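*Asks:* Supplied structure: input.pdb, PDB, N, CA and C atoms.
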```
ATOM      1  N   MET A 153     121.561  20.684 103.965
ATOM      2  CA  MET A 153     121.604  19.594 104.906
ATOM      3  C   MET A 153     123.008  18.986 104.866
ATOM      4  N   THR A 154     123.533  18.705 106.031
ATOM      5  CA  THR A 154     124.856  18.090 106.107
ATOM      6  C   THR A 154     124.747  16.591 105.860
ATOM      7  N   ASP A 155     125.882  15.960 105.606
ATOM      8  CA  ASP A 155     125.902  14.514 105.419
ATOM      9  C   ASP A 155     125.372  13.791 106.656
ATOM     10  N   LEU A 156     125.733  14.265 107.837
ATOM     11  CA  LEU A 156     125.290  13.645 109.079
ATOM     12  C   LEU A 156     123.778  13.765 109.258
ATOM     13  N   GLU A 157     123.221  14.924 108.944
ATOM     14  CA  GLU A 157     121.768  15.110 109.029
ATOM     15  C   GLU A 157     121.049  14.172 108.060
ATOM     16  N   TYR A 158     121.574  14.086 106.843
ATOM     17  CA  TYR A 158     120.996  13.173 105.862
ATOM     18  C   TYR A 158     121.006  11.743 106.388
ATOM     19  N   LEU A 159     122.158  11.288 106.872
ATOM     20  CA  LEU A 159     122.271   9.916 107.359
ATOM     21  C   LEU A 159     121.311   9.639 108.508
ATOM     22  N   ASP A 160     121.178  10.576 109.436
ATOM     23  CA  ASP A 160     120.252  10.396 110.563
ATOM     24  C   ASP A 160     118.820  10.225 110.062
ATOM     25  N   ARG A 161     118.411  11.077 109.156
ATOM     26  CA  ARG A 161     117.025  11.035 108.661
ATOM     27  C   ARG A 161     116.789   9.838 107.746
ATOM     28  N   ALA A 162     117.767   9.506 106.918
ATOM     29  CA  ALA A 162     117.623   8.363 106.013
ATOM     30  C   ALA A 162     117.609   7.050 106.794
ATOM     31  N   GLU A 163     118.451   6.943 107.806
ATOM     32  CA  GLU A 163     118.456   5.744 108.652
ATOM     33  C   GLU A 163     117.131   5.611 109.402
ATOM     34  N   ALA A 164     116.555   6.728 109.826
ATOM     35  CA  ALA A 164     115.257   6.703 110.500
ATOM     36  C   ALA A 164     114.177   6.204 109.541
ATOM     37  N   LEU A 165     114.262   6.587 108.269
ATOM     38  CA  LEU A 165     113.307   6.111 107.271
ATOM     39  C   LEU A 165     113.423   4.599 107.107
ATOM     40  N   LEU A 166     114.640   4.078 106.980
ATOM     41  CA  LEU A 166     114.821   2.636 106.824
ATOM     42  C   LEU A 166     114.306   1.884 108.049
ATOM     43  N   LYS A 167     114.578   2.411 109.230
ATOM     44  CA  LYS A 167     114.093   1.790 110.466
ATOM     45  C   LYS A 167     112.569   1.788 110.503
ATOM     46  N   ALA A 168     111.939   2.877 110.048
ATOM     47  CA  ALA A 168     110.477   2.951 110.008
ATOM     48  C   ALA A 168     109.910   1.902 109.052
ATOM     49  N   VAL A 169     110.579   1.659 107.940
ATOM     50  CA  VAL A 169     110.136   0.634 106.991
ATOM     51  C   VAL A 169     110.202  -0.739 107.661
ATOM     52  N   GLU A 170     111.315  -1.022 108.343
ATOM     53  CA  GLU A 170     111.468  -2.310 109.033
ATOM     54  C   GLU A 170     110.403  -2.490 110.115
ATOM     55  N   THR A 171     110.164  -1.447 110.890
ATOM     56  CA  THR A 171     109.153  -1.494 111.955
ATOM     57  C   THR A 171     107.763  -1.706 111.371
ATOM     58  N   ALA A 172     107.470  -1.032 110.266
ATOM     59  CA  ALA A 172     106.164  -1.186 109.613
ATOM     60  C   ALA A 172     105.982  -2.613 109.102
ATOM     61  N   CYS A 173     107.040  -3.212 108.570
ATOM     62  CA  CYS A 173     106.951  -4.607 108.114
ATOM     63  C   CYS A 173     106.594  -5.529 109.275
ATOM     64  N   ASP A 174     107.240  -5.330 110.409
ATOM     65  CA  ASP A 174     106.945  -6.152 111.587
ATOM     66  C   ASP A 174     105.487  -5.981 112.001
ATOM     67  N   ARG A 175     105.009  -4.742 112.014
ATOM     68  CA  ARG A 175     103.618  -4.469 112.385
ATOM     69  C   ARG A 175     102.656  -5.117 111.400
ATOM     70  N   ILE A 176     102.926  -4.959 110.109
ATOM     71  CA  ILE A 176     102.064  -5.538 109.077
ATOM     72  C   ILE A 176     102.033  -7.058 109.202
ATOM     73  N   ASN A 177     103.179  -7.672 109.431
ATOM     74  CA  ASN A 177     103.230  -9.132 109.575
ATOM     75  C   ASN A 177     102.449  -9.602 110.800
ATOM     76  N   ASP A 178     102.473  -8.810 111.875
ATOM     77  CA  ASP A 178     101.724  -9.162 113.083
ATOM     78  C   ASP A 178     100.218  -9.013 112.891
ATOM     79  N   GLN A 179      99.805  -8.072 112.035
ATOM     80  CA  GLN A 179      98.390  -7.738 111.902
ATOM     81  C   GLN A 179      97.719  -8.322 110.656
ATOM     82  N   SER A 180      98.481  -8.989 109.808
ATOM     83  CA  SER A 180      97.905  -9.521 108.572
ATOM     84  C   SER A 180      98.620 -10.814 108.186
ATOM     85  N   ASP A 181      98.197 -11.373 107.075
ATOM     86  CA  ASP A 181      98.870 -12.568 106.567
ATOM     87  C   ASP A 181      99.770 -12.222 105.369
ATOM     88  N   ALA A 182     100.210 -10.983 105.290
ATOM     89  CA  ALA A 182     101.018 -10.523 104.157
ATOM     90  C   ALA A 182     102.362 -11.250 104.069
ATOM     91  N   ASP A 183     102.955 -11.582 105.203
ATOM     92  CA  ASP A 183     104.228 -12.309 105.260
ATOM     93  C   ASP A 183     105.322 -11.645 104.418
ATOM     94  N   ILE A 184     105.637 -10.418 104.773
ATOM     95  CA  ILE A 184     106.705  -9.675 104.101
ATOM     96  C   ILE A 184     108.019  -9.989 104.814
ATOM     97  N   ASP A 185     108.980 -10.498 104.073
ATOM     98  CA  ASP A 185     110.314 -10.739 104.629
ATOM     99  C   ASP A 185     111.138  -9.489 104.367
ATOM    100  N   ASN A 186     111.690  -8.878 105.415
ATOM    101  CA  ASN A 186     112.536  -7.704 105.196
ATOM    102  C   ASN A 186     113.945  -8.008 105.673
ATOM    103  N   GLN A 187     114.902  -7.689 104.824
ATOM    104  CA  GLN A 187     116.306  -7.912 105.140
ATOM    105  C   GLN A 187     117.077  -6.625 104.948
ATOM    106  N   ARG A 188     117.923  -6.341 105.926
ATOM    107  CA  ARG A 188     118.733  -5.116 105.890
ATOM    108  C   ARG A 188     120.181  -5.478 105.628
ATOM    109  N   SER A 189     120.788  -4.769 104.721
ATOM    110  CA  SER A 189     122.211  -4.916 104.442
ATOM    111  C   SER A 189     122.786  -3.515 104.253
ATOM    112  N   GLY A 190     123.452  -3.005 105.286
ATOM    113  CA  GLY A 190     123.996  -1.649 105.222
ATOM    114  C   GLY A 190     122.904  -0.633 104.999
ATOM    115  N   GLY A 191     123.005   0.142 103.945
ATOM    116  CA  GLY A 191     122.032   1.180 103.636
ATOM    117  C   GLY A 191     120.943   0.721 102.691
ATOM    118  N   MET A 192     120.624  -0.579 102.732
ATOM    119  CA  MET A 192     119.609  -1.116 101.825
ATOM    120  C   MET A 192     118.668  -2.056 102.584
ATOM    121  N   VAL A 193     117.367  -1.924 102.308
ATOM    122  CA  VAL A 193     116.357  -2.832 102.844
ATOM    123  C   VAL A 193     115.658  -3.480 101.653
ATOM    124  N   THR A 194     115.570  -4.812 101.698
ATOM    125  CA  THR A 194     114.874  -5.559 100.658
ATOM    126  C   THR A 194     113.623  -6.174 101.266
ATOM    127  N   LEU A 195     112.472  -5.864 100.665
ATOM    128  CA  LEU A 195     111.200  -6.448 101.071
ATOM    129  C   LEU A 195     110.851  -7.528 100.057
ATOM    130  N   SER A 196     110.629  -8.745 100.542
ATOM    131  CA  SER A 196     110.280  -9.865  99.662
ATOM    132  C   SER A 196     108.869 -10.328  99.996
ATOM    133  N   PHE A 197     108.080 -10.545  98.960
ATOM    134  CA  PHE A 197     106.676 -10.905  99.104
ATOM    135  C   PHE A 197     106.467 -12.375  98.761
ATOM    136  N   ALA A 198     105.318 -12.911  99.124
ATOM    137  CA  ALA A 198     105.008 -14.331  98.924
ATOM    138  C   ALA A 198     105.101 -14.736  97.451
ATOM    139  N   ASN A 199     104.813 -13.810  96.540
ATOM    140  CA  ASN A 199     104.870 -14.116  95.103
ATOM    141  C   ASN A 199     106.290 -13.977  94.537
ATOM    142  N   ARG A 200     107.255 -13.811  95.434
ATOM    143  CA  ARG A 200     108.692 -13.692  95.111
ATOM    144  C   ARG A 200     109.082 -12.358  94.483
ATOM    145  N   SER A 201     108.157 -11.416  94.440
ATOM    146  CA  SER A 201     108.524 -10.076  93.985
ATOM    147  C   SER A 201     109.217  -9.347  95.130
ATOM    148  N   GLN A 202     109.923  -8.290  94.802
ATOM    149  CA  GLN A 202     110.670  -7.536  95.811
ATOM    150  C   GLN A 202     110.493  -6.038  95.623
ATOM    151  N   ILE A 203     110.694  -5.329  96.718
ATOM    152  CA  ILE A 203     110.876  -3.881  96.708
ATOM    153  C   ILE A 203     112.208  -3.632  97.382
ATOM    154  N   ILE A 204     113.048  -2.846  96.731
ATOM    155  CA  ILE A 204     114.374  -2.547  97.277
ATOM    156  C   ILE A 204     114.458  -1.051  97.545
ATOM    157  N   ILE A 205     114.852  -0.720  98.767
ATOM    158  CA  ILE A 205     115.003   0.673  99.187
ATOM    159  C   ILE A 205     116.455   0.855  99.586
ATOM    160  N   ASN A 206     117.114   1.819  98.981
ATOM    161  CA  ASN A 206     118.517   2.021  99.345
ATOM    162  C   ASN A 206     118.888   3.497  99.394
ATOM    163  N   LEU A 207     119.891   3.761 100.199
ATOM    164  CA  LEU A 207     120.368   5.127 100.391
ATOM    165  C   LEU A 207     121.346   5.492  99.280
ATOM    166  N   GLN A 208     121.209   6.700  98.774
ATOM    167  CA  GLN A 208     122.143   7.258  97.795
ATOM    168  C   GLN A 208     122.837   8.432  98.479
ATOM    169  N   LYS A 209     123.862   8.103  99.255
ATOM    170  CA  LYS A 209     124.514   9.081 100.131
ATOM    171  C   LYS A 209     125.069  10.299  99.394
ATOM    172  N   PRO A 210     125.769  10.135  98.264
ATOM    173  CA  PRO A 210     126.324  11.327  97.602
ATOM    174  C   PRO A 210     125.256  12.328  97.151
ATOM    175  N   LEU A 211     124.052  11.816  96.833
ATOM    176  CA  LEU A 211     122.970  12.671  96.346
ATOM    177  C   LEU A 211     122.007  13.106  97.445
ATOM    178  N   HIS A 212     122.198  12.554  98.660
ATOM    179  CA  HIS A 212     121.268  12.796  99.776
ATOM    180  C   HIS A 212     119.848  12.373  99.382
ATOM    181  N   GLU A 213     119.742  11.224  98.726
ATOM    182  CA  GLU A 213     118.461  10.700  98.290
ATOM    183  C   GLU A 213     118.243   9.292  98.820
ATOM    184  N   VAL A 214     116.989   8.855  98.744
ATOM    185  CA  VAL A 214     116.603   7.473  99.001
ATOM    186  C   VAL A 214     115.939   6.986  97.723
ATOM    187  N   TRP A 215     116.372   5.833  97.239
ATOM    188  CA  TRP A 215     115.818   5.280  96.012
ATOM    189  C   TRP A 215     114.995   4.050  96.335
ATOM    190  N   MET A 216     113.898   3.861  95.612
ATOM    191  CA  MET A 216     113.059   2.682  95.767
ATOM    192  C   MET A 216     112.816   2.058  94.399
ATOM    193  N   ALA A 217     113.024   0.739  94.314
ATOM    194  CA  ALA A 217     112.735  -0.013  93.095
ATOM    195  C   ALA A 217     111.623  -1.005  93.413
ATOM    196  N   ALA A 218     110.560  -0.983  92.617
ATOM    197  CA  ALA A 218     109.414  -1.866  92.797
ATOM    198  C   ALA A 218     108.937  -2.300  91.411
ATOM    199  N   GLN A 219     107.954  -3.199  91.370
ATOM    200  CA  GLN A 219     107.420  -3.608  90.076
ATOM    201  C   GLN A 219     106.876  -2.413  89.301
ATOM    202  N   ALA A 220     106.369  -1.414  90.014
ATOM    203  CA  ALA A 220     105.794  -0.229  89.369
ATOM    204  C   ALA A 220     106.854   0.713  88.788
ATOM    205  N   GLY A 221     108.126   0.504  89.141
ATOM    206  CA  GLY A 221     109.186   1.349  88.608
ATOM    207  C   GLY A 221     110.197   1.757  89.653
ATOM    208  N   GLY A 222     111.059   2.688  89.265
ATOM    209  CA  GLY A 222     112.087   3.211  90.156
ATOM    210  C   GLY A 222     111.751   4.638  90.556
ATOM    211  N   PHE A 223     111.992   4.955  91.826
ATOM    212  CA  PHE A 223     111.608   6.260  92.361
ATOM    213  C   PHE A 223     112.748   6.833  93.190
ATOM    214  N   HIS A 224     112.942   8.141  93.103
ATOM    215  CA  HIS A 224     113.989   8.841  93.846
ATOM    216  C   HIS A 224     113.332   9.838  94.795
ATOM    217  N   TYR A 225     113.784   9.848  96.057
ATOM    218  CA  TYR A 225     113.197  10.711  97.082
ATOM    219  C   TYR A 225     114.257  11.587  97.714
ATOM    220  N   LYS A 226     113.875  12.825  97.958
ATOM    221  CA  LYS A 226     114.731  13.804  98.616
ATOM    222  C   LYS A 226     113.947  14.399  99.783
ATOM    223  N   LEU A 227     114.653  14.700 100.865
ATOM    224  CA  LEU A 227     113.999  15.282 102.031
ATOM    225  C   LEU A 227     113.628  16.736 101.738
ATOM    226  N   ASN A 228     112.347  17.055 101.959
ATOM    227  CA  ASN A 228     111.851  18.400 101.700
ATOM    228  C   ASN A 228     110.853  18.746 102.800
ATOM    229  N   ALA A 229     111.171  19.733 103.619
ATOM    230  CA  ALA A 229     110.294  20.172 104.707
ATOM    231  C   ALA A 229     109.910  19.009 105.623
ATOM    232  N   GLY A 230     110.888  18.133 105.895
ATOM    233  CA  GLY A 230     110.662  17.028 106.819
ATOM    234  C   GLY A 230     109.997  15.808 106.225
ATOM    235  N   ARG A 231     109.722  15.831 104.919
ATOM    236  CA  ARG A 231     109.075  14.697 104.245
ATOM    237  C   ARG A 231     109.960  14.226 103.092
ATOM    238  N   TRP A 232     109.979  12.916 102.876
ATOM    239  CA  TRP A 232     110.694  12.361 101.728
ATOM    240  C   TRP A 232     109.750  12.405 100.535
ATOM    241  N   VAL A 233     110.089  13.222  99.526
ATOM    242  CA  VAL A 233     109.216  13.411  98.365
ATOM    243  C   VAL A 233     109.925  13.008  97.075
ATOM    244  N   ASP A 234     109.130  12.482  96.147
ATOM    245  CA  ASP A 234     109.641  12.048  94.857
ATOM    246  C   ASP A 234     110.188  13.255  94.094
ATOM    247  N   THR A 235     111.354  13.089  93.511
ATOM    248  CA  THR A 235     111.998  14.198  92.808
ATOM    249  C   THR A 235     111.302  14.542  91.492
ATOM    250  N   LYS A 236     110.428  13.666  90.996
ATOM    251  CA  LYS A 236     109.725  13.936  89.736
ATOM    252  C   LYS A 236     108.313  14.452  89.952
ATOM    253  N   ASP A 237     107.538  13.755  90.803
ATOM    254  CA  ASP A 237     106.126  14.132  90.916
ATOM    255  C   ASP A 237     105.719  14.653  92.293
ATOM    256  N   GLY A 238     106.647  14.705  93.247
ATOM    257  CA  GLY A 238     106.354  15.262  94.562
ATOM    258  C   GLY A 238     105.570  14.356  95.488
ATOM    259  N   SER A 239     105.318  13.101  95.071
ATOM    260  CA  SER A 239     104.572  12.187  95.945
ATOM    261  C   SER A 239     105.432  11.792  97.150
ATOM    262  N   GLU A 240     104.758  11.424  98.222
ATOM    263  CA  GLU A 240     105.427  11.114  99.488
ATOM    264  C   GLU A 240     105.871   9.652  99.507
ATOM    265  N   PHE A 241     107.028   9.394 100.103
ATOM    266  CA  PHE A 241     107.635   8.062 100.113
ATOM    267  C   PHE A 241     106.704   6.985 100.665
ATOM    268  N   PHE A 242     106.159   7.178 101.868
ATOM    269  CA  PHE A 242     105.367   6.126 102.506
ATOM    270  C   PHE A 242     104.051   5.869 101.768
ATOM    271  N   ALA A 243     103.492   6.882 101.124
ATOM    272  CA  ALA A 243     102.283   6.685 100.316
ATOM    273  C   ALA A 243     102.607   5.795  99.116
ATOM    274  N   ARG A 244     103.725   6.077  98.436
ATOM    275  CA  ARG A 244     104.113   5.266  97.272
ATOM    276  C   ARG A 244     104.497   3.859  97.710
ATOM    277  N   LEU A 245     105.232   3.734  98.822
ATOM    278  CA  LEU A 245     105.600   2.405  99.314
ATOM    279  C   LEU A 245     104.347   1.594  99.631
ATOM    280  N   SER A 246     103.368   2.218 100.269
ATOM    281  CA  SER A 246     102.108   1.526 100.590
ATOM    282  C   SER A 246     101.421   1.040  99.320
ATOM    283  N   ALA A 247     101.368   1.889  98.303
ATOM    284  CA  ALA A 247     100.722   1.528  97.040
ATOM    285  C   ALA A 247     101.460   0.386  96.346
ATOM    286  N   CYS A 248     102.771   0.476  96.271
ATOM    287  CA  CYS A 248     103.558  -0.565  95.608
ATOM    288  C   CYS A 248     103.485  -1.884  96.370
ATOM    289  N   ALA A 249     103.619  -1.831  97.685
ATOM    290  CA  ALA A 249     103.562  -3.047  98.497
ATOM    291  C   ALA A 249     102.177  -3.683  98.421
ATOM    292  N   SER A 250     101.132  -2.871  98.421
ATOM    293  CA  SER A 250      99.768  -3.389  98.313
ATOM    294  C   SER A 250      99.582  -4.127  96.995
ATOM    295  N   GLN A 251     100.098  -3.537  95.932
ATOM    296  CA  GLN A 251     100.000  -4.167  94.612
ATOM    297  C   GLN A 251     100.745  -5.503  94.608
ATOM    298  N   GLN A 252     101.947  -5.525  95.125
ATOM    299  CA  GLN A 252     102.773  -6.713  95.074
ATOM    300  C   GLN A 252     102.299  -7.797  96.052
ATOM    301  N   ALA A 253     101.640  -7.420  97.129
ATOM    302  CA  ALA A 253     101.128  -8.380  98.106
ATOM    303  C   ALA A 253      99.683  -8.783  97.800
ATOM    304  N   SER A 254      99.065  -8.111  96.858
ATOM    305  CA  SER A 254      97.665  -8.363  96.484
ATOM    306  C   SER A 254      96.714  -8.178  97.672
ATOM    307  N   GLN A 255      97.043  -7.210  98.523
ATOM    308  CA  GLN A 255      96.164  -6.821  99.620
ATOM    309  C   GLN A 255      96.568  -5.446 100.090
ATOM    310  N   SER A 256      95.665  -4.759 100.765
ATOM    311  CA  SER A 256      95.911  -3.395 101.205
ATOM    312  C   SER A 256      96.898  -3.382 102.379
ATOM    313  N   LEU A 257      97.989  -2.670 102.203
ATOM    314  CA  LEU A 257      99.022  -2.539 103.240
ATOM    315  C   LEU A 257      99.312  -1.074 103.463
ATOM    316  N   ALA A 258      99.533  -0.693 104.720
ATOM    317  CA  ALA A 258      99.800   0.707 105.047
ATOM    318  C   ALA A 258     101.145   0.844 105.736
ATOM    319  N   PHE A 259     102.053   1.538 105.077
ATOM    320  CA  PHE A 259     103.351   1.880 105.664
ATOM    321  C   PHE A 259     103.283   3.330 106.127
ATOM    322  N   THR A 260     103.794   3.594 107.316
ATOM    323  CA  THR A 260     103.824   4.958 107.847
ATOM    324  C   THR A 260     105.188   5.245 108.443
ATOM    325  N   ALA A 261     105.471   6.514 108.577
ATOM    326  CA  ALA A 261     106.762   6.946 109.144
ATOM    327  C   ALA A 261     106.879   6.569 110.600
TER     328      ALA A 261
END
```
Can the structure from this file be put into structure tokens for me?

*Replies:*
Amino acid sequence: MTDLEYLDRAEALLKAVETACDRINDQSDADIDNQRSGGMVTLSFANRSQIIINLQKPLHEVWMAAQAGGFHYKLNAGRWVDTKDGSEFFARLSACASQQASQSLAFTA
């Protein structure tokens, strides 16, 4: 994958996270504040916990930090998968956000 291909796909992932936050806020009382700064999106929850998602351009990865830990994702067959256990990015984000918001939240691509 070229640097340009990585950037296109990684930027699409960040945009999908932002769009999902807007949808979740419209459909629930989760009140997730999302802020974008360059290649990083910070999700802040009512309990003041955060999830930080940022691009790691030299490695062609996306990293996520949450209360549950730190996770690294690489694009594989069109899906962002964890480099350690193969789990999918949006499934893990949904699980972490649900835990931190104390309610069921669904993030999708």

*Asks:* Report, in Å to a single decimal, how far apart atom N of A:Leu227 and atom CA of A:His212 are.

*Replies:*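 Between atom CA of A:His212 and atom N of A:Leu227 the gap works out to 7.0 Å.
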
*Asks:* Can you pull out the residues contacting stretch 201-208 of chain A? Cut-off 7 Å, using all atoms listed in the file, and skip same-chain residues under 6 positions away; I want them as a PDB file with N, CA and C atoms, in the coordinates of the input.

*Replies:*
```pdb
ATOM      1  N   GLY A 191     123.005   0.142 103.945  1.00  0.00           N
ATOM      2  CA  GLY A 191     122.032   1.180 103.636  1.00  0.00           C
ATOM      3  C   GLY A 191     120.943   0.721 102.691  1.00  0.00           C
ATOM      4  N   MET A 192     120.624  -0.579 102.732  1.00  0.00           N
ATOM      5  CA  MET A 192     119.609  -1.116 101.825  1.00  0.00           C
ATOM      6  C   MET A 192     118.668  -2.056 102.584  1.00  0.00           C
ATOM      7  N   VAL A 193     117.367  -1.924 102.308  1.00  0.00           N
ATOM      8  CA  VAL A 193     116.357  -2.832 102.844  1.00  0.00           C
ATOM      9  C   VAL A 193     115.658  -3.480 101.653  1.00  0.00           C
ATOM     10  N   THR A 194     115.570  -4.812 101.698  1.00  0.00           N
ATOM     11  CA  THR A 194     114.874  -5.559 100.658  1.00  0.00           C
ATOM     12  C   THR A 194     113.623  -6.174 101.266  1.00  0.00           C
ATOM     13  N   LEU A 195     112.472  -5.864 100.665  1.00  0.00           N
ATOM     14  CA  LEU A 195     111.200  -6.448 101.071  1.00  0.00           C
ATOM     15  C   LEU A 195     110.851  -7.528 100.057  1.00  0.00           C
ATOM     16  N   VAL A 214     116.989   8.855  98.744  1.00  0.00           N
ATOM     17  CA  VAL A 214     116.603   7.473  99.001  1.00  0.00           C
ATOM     18  C   VAL A 214     115.939   6.986  97.723  1.00  0.00           C
ATOM     19  N   TRP A 215     116.372   5.833  97.239  1.00  0.00           N
ATOM     20  CA  TRP A 215     115.818   5.280  96.012  1.00  0.00           C
ATOM     21  C   TRP A 215     114.995   4.050  96.335  1.00  0.00           C
ATOM     22  N   MET A 216     113.898   3.861  95.612  1.00  0.00           N
ATOM     23  CA  MET A 216     113.059   2.682  95.767  1.00  0.00           C
ATOM     24  C   MET A 216     112.816   2.058  94.399  1.00  0.00           C
ATOM     25  N   ALA A 217     113.024   0.739  94.314  1.00  0.00           N
ATOM     26  CA  ALA A 217     112.735  -0.013  93.095  1.00  0.00           C
ATOM     27  C   ALA A 217     111.623  -1.005  93.413  1.00  0.00           C
ATOM     28  N   ALA A 218     110.560  -0.983  92.617  1.00  0.00           N
ATOM     29  CA  ALA A 218     109.414  -1.866  92.797  1.00  0.00           C
ATOM     30  C   ALA A 218     108.937  -2.300  91.411  1.00  0.00           C
ATOM     31  N   GLN A 219     107.954  -3.199  91.370  1.00  0.00           N
ATOM     32  CA  GLN A 219     107.420  -3.608  90.076  1.00  0.00           C
ATOM     33  C   GLN A 219     106.876  -2.413  89.301  1.00  0.00           C
ATOM     34  N   GLN A 252     101.947  -5.525  95.125  1.00  0.00           N
ATOM     35  CA  GLN A 252     102.773  -6.713  95.074  1.00  0.00           C
ATOM     36  C   GLN A 252     102.299  -7.797  96.052  1.00  0.00           C
TER      37      GLN A 252
END
```

*Asks:* Report as a VMD selection string the full result of the PyMOL selection byres ((chain A and resi 235) around 6) when it is applied to this structure.

*Replies:* chain A and resid 224 to 226 233 to 234 236 to 238

*Asks:* Please identify the strand (DSSP E) residues within chain A (assignment by DSSP from backbone atoms) and present them as a PyMOL selection string.

*Replies:* chain A and resi 185-189+192-196+202-208+213-218+221-228+231-234

*Asks:* Can you list, as a VMD selection string, the residues that the PyMOL selection byres (((chain A and resi 183-185 and name CA) around 12) and name CA) selects here?

*Replies:* chain A and resid 169 to 182 186 to 188 193 to 204 249 to 250 252 to 255 257

*Asks:* Take atom C of A:Thr154 and atom N of A:Leu166 and report the distance between them in Å, one decimal.

*Replies:* 16.1 Å

*Asks:* One decimal, Å: what's the distance from atom CA of A:Ala261 over to atom CA of A:Phe242, could you say?

*Replies:*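 Those two atoms sit 6.8 Å apart.
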
*Asks:* Using only C-alpha atoms, which residue out of A:Tyr158, A:Gly190, A:Thr260, A:Pro210 lies closest to A:Phe241?

*Replies:*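 Residue with the minimum atom-to-atom distance to A:Phe241: A:Thr260.
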